[in-house]
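Raw my_file.cif, mmCIF, C-alpha atoms:
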data_upload
#
loop_
_atom_site.group_PDB
_atom_site.id
_atom_site.type_symbol
_atom_site.label_atom_id
_atom_site.label_comp_id
_atom_site.auth_asym_id
_atom_site.auth_seq_id
_atom_site.Cartn_x
_atom_site.Cartn_y
_atom_site.Cartn_z
ATOM 1 C CA MET A 1059 -62.262 83.394 -135.677
ATOM 2 C CA GLU A 1060 -64.284 80.303 -134.846
ATOM 3 C CA ILE A 1061 -65.066 77.637 -137.441
ATOM 4 C CA ASN A 1062 -67.568 74.856 -136.787
ATOM 5 C CA LEU A 1063 -66.032 71.626 -138.118
ATOM 6 C CA ASN A 1064 -68.405 69.250 -136.339
ATOM 7 C CA GLY A 1065 -69.693 66.621 -138.767
ATOM 8 C CA LYS A 1066 -67.185 67.455 -141.528
ATOM 9 C CA LYS A 1067 -64.923 64.861 -143.171
ATOM 10 C CA ALA A 1068 -61.162 64.952 -143.819
ATOM 11 C CA LEU A 1069 -58.705 62.681 -145.615
ATOM 12 C CA ILE A 1070 -55.159 63.113 -144.312
ATOM 13 C CA GLY A 1071 -52.122 61.598 -146.024
ATOM 14 C CA ALA A 1072 -48.788 60.960 -144.299
ATOM 15 C CA SER A 1073 -50.700 60.799 -141.033
ATOM 16 C CA SER A 1074 -48.614 58.225 -139.151
ATOM 17 C CA ALA A 1075 -46.249 60.805 -137.624
ATOM 18 C CA GLY A 1076 -45.309 64.462 -137.433
ATOM 19 C CA ILE A 1077 -47.538 67.210 -138.768
ATOM 20 C CA GLY A 1078 -49.980 64.781 -140.409
ATOM 21 C CA ALA A 1079 -50.589 62.957 -137.124
ATOM 22 C CA GLY A 1080 -50.960 66.232 -135.250
ATOM 23 C CA ILE A 1081 -53.479 67.586 -137.738
ATOM 24 C CA ALA A 1082 -55.443 64.330 -137.583
ATOM 25 C CA GLN A 1083 -55.633 64.477 -133.788
ATOM 26 C CA VAL A 1084 -56.713 68.127 -133.706
ATOM 27 C CA LEU A 1085 -59.378 67.660 -136.370
ATOM 28 C CA ALA A 1086 -60.730 64.551 -134.636
ATOM 29 C CA SER A 1087 -60.980 66.489 -131.371
ATOM 30 C CA CYS A 1088 -63.030 69.137 -133.241
ATOM 31 C CA GLY A 1089 -65.629 66.564 -134.301
ATOM 32 C CA VAL A 1090 -64.286 65.872 -137.793
ATOM 33 C CA SER A 1091 -64.605 62.351 -139.200
ATOM 34 C CA VAL A 1092 -60.964 61.650 -140.097
ATOM 35 C CA THR A 1093 -59.651 59.096 -142.598
ATOM 36 C CA LEU A 1094 -55.923 58.431 -142.311
ATOM 37 C CA ALA A 1095 -53.504 57.272 -145.024
ATOM 38 C CA SER A 1096 -49.928 56.110 -144.545
ATOM 39 C CA ARG A 1097 -47.361 53.760 -146.043
ATOM 40 C CA GLN A 1098 -46.501 52.325 -142.610
ATOM 41 C CA GLU A 1099 -49.454 50.525 -141.042
ATOM 42 C CA GLU A 1100 -47.683 49.891 -137.723
ATOM 43 C CA LYS A 1101 -47.048 53.608 -137.155
ATOM 44 C CA LEU A 1102 -50.551 54.445 -138.329
ATOM 45 C CA GLN A 1103 -52.039 52.154 -135.667
ATOM 46 C CA ARG A 1104 -50.183 54.170 -133.004
ATOM 47 C CA THR A 1105 -51.692 57.407 -134.344
ATOM 48 C CA CYS A 1106 -55.194 56.035 -133.889
#
Can you give me the file's structure in the form of structure tokens?
Amino acid sequence: MEINLNGKKALIGASSAGIGAGIAQVLASCGVSVTLASRQEEKLQRTC
């Protein structure tokens, strides 16, 4: 199954590490405009 995500938007919580960071990276590589949320700004900067 192929889904076109180009141009879509996603808000991802707990995105500074682990599954959240992985999902953010995969969605961004698929053309999704990703907004990240985390309690730890330093770790979040590394995800970007």
Ref. answer, residues at most 10 Å from (-62.9, 64.8, -134.4) with all atoms listed in the file, as a ChimeraX atom specification: /A:1063-1068,1082-1092
Expected file: the selected residues, C-alpha atoms, as a CSV table (one decimal), in the coordinates of the input:
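Generated file (selection_29.csv):
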chain,number,residue,atom,x,y,z
A,1063,LEU,CA,-66.0,71.6,-138.1
A,1064,ASN,CA,-68.4,69.2,-136.3
A,1065,GLY,CA,-69.7,66.6,-138.8
A,1066,LYS,CA,-67.2,67.5,-141.5
A,1067,LYS,CA,-64.9,64.9,-143.2
A,1068,ALA,CA,-61.2,65.0,-143.8
A,1082,ALA,CA,-55.4,64.3,-137.6
A,1083,GLN,CA,-55.6,64.5,-133.8
A,1084,VAL,CA,-56.7,68.1,-133.7
A,1085,LEU,CA,-59.4,67.7,-136.4
A,1086,ALA,CA,-60.7,64.6,-134.6
A,1087,SER,CA,-61.0,66.5,-131.4
A,1088,CYS,CA,-63.0,69.1,-133.2
A,1089,GLY,CA,-65.6,66.6,-134.3
A,1090,VAL,CA,-64.3,65.9,-137.8
A,1091,SER,CA,-64.6,62.4,-139.2
A,1092,VAL,CA,-61.0,61.6,-140.1
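The space separating atom CA of A:Gln1098 from atom CA of A:Gly1071 comes to 11.4 Å.
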Hits from the PyMOL selection byres ((chain A and resi 1094) around 6), listed as a list of chain:residue names: A:Ile1070, A:Ser1073, A:Thr1093, A:Ala1095
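Computed from the coordinates, the atom CA of A:Ser1074 to atom CA of A:Glu1060 distance equals 27.4 Å.
Counting all atoms listed in the file, the residue from A:Leu1069, A:Met1059, A:Ile1081, A:Ala1075 that sits nearest to A:Gln1103 is A:Ala1075.
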